[in-house]
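Chemist: Just dropping this structure here.
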Amino acid sequence: MHICKTGNIFFTLYRSTRKSLGINVRKDGSVHVRAPFWLGKGVVIRMVSARASWIRSRQEALKKEPVLPKNNEDLNLLKRKALLKFKGMAIPWVEHFRKTYGVEPKKWTIRAMDTRWGSCSSATGRITLNLKLIYKPDECVEYVIVHELCHLIHPDHGKGFYTILERELPDWKARKKKLKM
């Protein structure tokens with residue numbers, strides 16, 4: 001582990017047996033870079049420098065991200081509100097997926113997640129949505145719901161998955177982009 005700098009960006013460099021460079025901006029705005037052992041430090045610094053505008057935009061976006069309530073009572077209230085809203089939005093989609101593809105989720109859960117907007121266990125039929133979606137536009141929430149419903153058919157992100165997602169939500173790319181803002 002080494003602390004490095006390029007321009008006005010400080011980052012922590014970790015070496016591993018991975019094959020490519022990975023850049024992660026954490027919730028606190030710190031930058032963590034994972035690089036293969038064989039990649040020279042100068043090359044790593046140039047690659048991080050090339051992504052500087054993305055890094056700064058991620059840091060700015062994280063500053064604007066809403067903070068969830070610390071109080072358990074308020075947090076549970078927000079979770080119940082989110083579950084009602086998200087389930088209401090999902091009802092027509094669940095019905096459509098049941099009729100069209102013969103699949104439906106067995107259970108919906110809401111959780112505060114740091115790295116995902118949603119997840120789906122095709123084995124158990126459970127769909128989990130990120131509580132922070134409550135702060136996003138409805139079209140973004142709908143995208144995550146449809147994305148996770150598609151995982152009931154295709155658990156991976158292969159061609160079949162994207163074929164269904166494209167069929168069901170042709171503007172999914174724009175919604176995904178808006179979700180990241």
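In the structure tokens, chains take the letters A, B, ... in the order shown, each chain's residues start at 1, and ligands count up from 1 in the order shown.
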Mind dumping a table of every segment 75-95 of chain A residue within 8 Å of segment 135-153 of chain A, with the nearest atom pair and its distance in Å to one decimal, using only C-alpha atoms, sorted by chain and rising number, as JSON lines?

Modeler:
{"residue": "A:Phe86", "atom": "CA", "partner": "A:Val141", "partner_atom": "CA", "distance": 7.5}
{"residue": "A:Met89", "atom": "CA", "partner": "A:Glu142", "partner_atom": "CA", "distance": 6.9}
{"residue": "A:Ala90", "atom": "CA", "partner": "A:Ile145", "partner_atom": "CA", "distance": 6.5}
{"residue": "A:Trp93", "atom": "CA", "partner": "A:Val146", "partner_atom": "CA", "distance": 7.1}
{"residue": "A:Val94", "atom": "CA", "partner": "A:Leu149", "partner_atom": "CA", "distance": 7.6}

Chemist: Would you write out those residues with C-alpha atoms, as a PDB file, in the first residue's frame?

Modeler:
ATOM      1  CA  PHE A  86     -41.359   0.587  -4.684  1.00  0.00           C
ATOM      2  CA  MET A  89     -44.313   0.874  -8.778  1.00  0.00           C
ATOM      3  CA  ALA A  90     -43.412  -2.796  -9.265  1.00  0.00           C
ATOM      4  CA  TRP A  93     -44.137  -4.929 -13.954  1.00  0.00           C
ATOM      5  CA  VAL A  94     -44.451  -8.033 -11.784  1.00  0.00           C
TER       6      VAL A  94
END

Chemist: Name all residues at most 9 Å from Ser20 of chain A (count only C-alpha atoms; drop same-chain ones fewer than 6 positions away) and give them as a list in words.

Modeler: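 The neighbour list is Arg34, Ala35, Pro36 and Leu39 of chain A.
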
Chemist: Go ahead and write the residues just picked, C-alpha atoms, as a PDB file, in the first residue's frame.

Modeler:
ATOM      1  CA  ARG A  34      -5.725  -1.520  -7.394  1.00  0.00           C
ATOM      2  CA  ALA A  35      -3.048  -2.395  -9.920  1.00  0.00           C
ATOM      3  CA  PRO A  36      -1.250  -5.547 -11.058  1.00  0.00           C
ATOM      4  CA  LEU A  39       2.312  -2.391 -13.977  1.00  0.00           C
TER       5      LEU A  39
END

Chemist: If I take atom CA of Leu13 of chain A and atom CA of Pro66 of chain A, how far is one from the other in Å, to one decimal?

Modeler: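 Between atom CA of Leu13 of chain A and atom CA of Pro66 of chain A the gap is 28.4 Å.
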
Chemist: For a quick check of understanding, using only C-alpha atoms, which of A:Lys64, A:Ser49, A:Val33, A:Asp28 has the smallest distance to Ser16 of chain A?

Modeler: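 Residue with the minimum atom-to-atom distance to Ser16 of chain A: A:Val33.
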
Chemist: Please determine, counting only C-alpha atoms, which residue among A:Leu131, A:Ile164, A:Lys159, A:Pro170 has the shortest atom-to-atom distance to Leu68 of chain A.

Modeler: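 Ranked by minimum distance to Leu68 of chain A, first place goes to A:Leu131.
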
Chemist: Would you work out the distance separating atom CA of Ser119 of chain A from atom CA of His157 of chain A, expressed in Å to one decimal?

Modeler: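 For atom CA of Ser119 of chain A relative to atom CA of His157 of chain A, the distance reads 12.3 Å.
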
Chemist: Excluding Cys4 of chain A and its own-chain neighbours fewer than 2 positions away, which residues fall within 10 Å of it when counting only C-alpha atoms? Please give them as a PyMOL selection string.

Modeler: chain A and resi 1-2+6+9-13+33+41+44-45

Chemist: For the residues in the current selection, export N, CA and C atoms as a short mmCIF file (atom, residue, chain, number, x, y, z; two decimals), in the first residue's frame.

Modeler:
data_model
loop_
_atom_site.label_atom_id
_atom_site.label_comp_id
_atom_site.auth_asym_id
_atom_site.auth_seq_id
_atom_site.Cartn_x
_atom_site.Cartn_y
_atom_site.Cartn_z
N MET A 1 0.84 -1.18 0.00
CA MET A 1 0.00 0.00 0.00
C MET A 1 0.89 1.24 0.00
N HIS A 2 0.63 2.15 -0.95
CA HIS A 2 1.40 3.39 -1.06
C HIS A 2 0.44 4.55 -1.30
N THR A 6 -1.28 12.56 -8.20
CA THR A 6 -1.19 13.03 -9.58
C THR A 6 -2.04 14.28 -9.66
N ILE A 9 -4.93 15.05 -7.09
CA ILE A 9 -5.59 13.82 -6.65
C ILE A 9 -4.59 12.94 -5.89
N PHE A 10 -4.91 12.71 -4.64
CA PHE A 10 -4.15 11.75 -3.83
C PHE A 10 -4.88 10.41 -3.92
N PHE A 11 -4.14 9.32 -3.99
CA PHE A 11 -4.77 8.02 -4.01
C PHE A 11 -3.91 6.99 -3.31
N THR A 12 -4.59 5.96 -2.81
CA THR A 12 -3.90 4.85 -2.16
C THR A 12 -3.75 3.75 -3.19
N LEU A 13 -2.53 3.31 -3.40
CA LEU A 13 -2.25 2.28 -4.40
C LEU A 13 -2.04 0.94 -3.72
N VAL A 33 -6.78 2.73 -5.64
CA VAL A 33 -6.41 2.17 -6.93
C VAL A 33 -5.78 0.80 -6.71
N LYS A 41 4.74 2.06 -11.65
CA LYS A 41 4.11 3.14 -10.91
C LYS A 41 3.82 4.35 -11.81
N VAL A 44 0.77 3.67 -13.79
CA VAL A 44 -0.41 3.77 -12.91
C VAL A 44 -0.79 5.24 -12.73
N ILE A 45 0.19 6.07 -12.44
CA ILE A 45 -0.07 7.50 -12.22
C ILE A 45 -0.65 8.14 -13.48
#
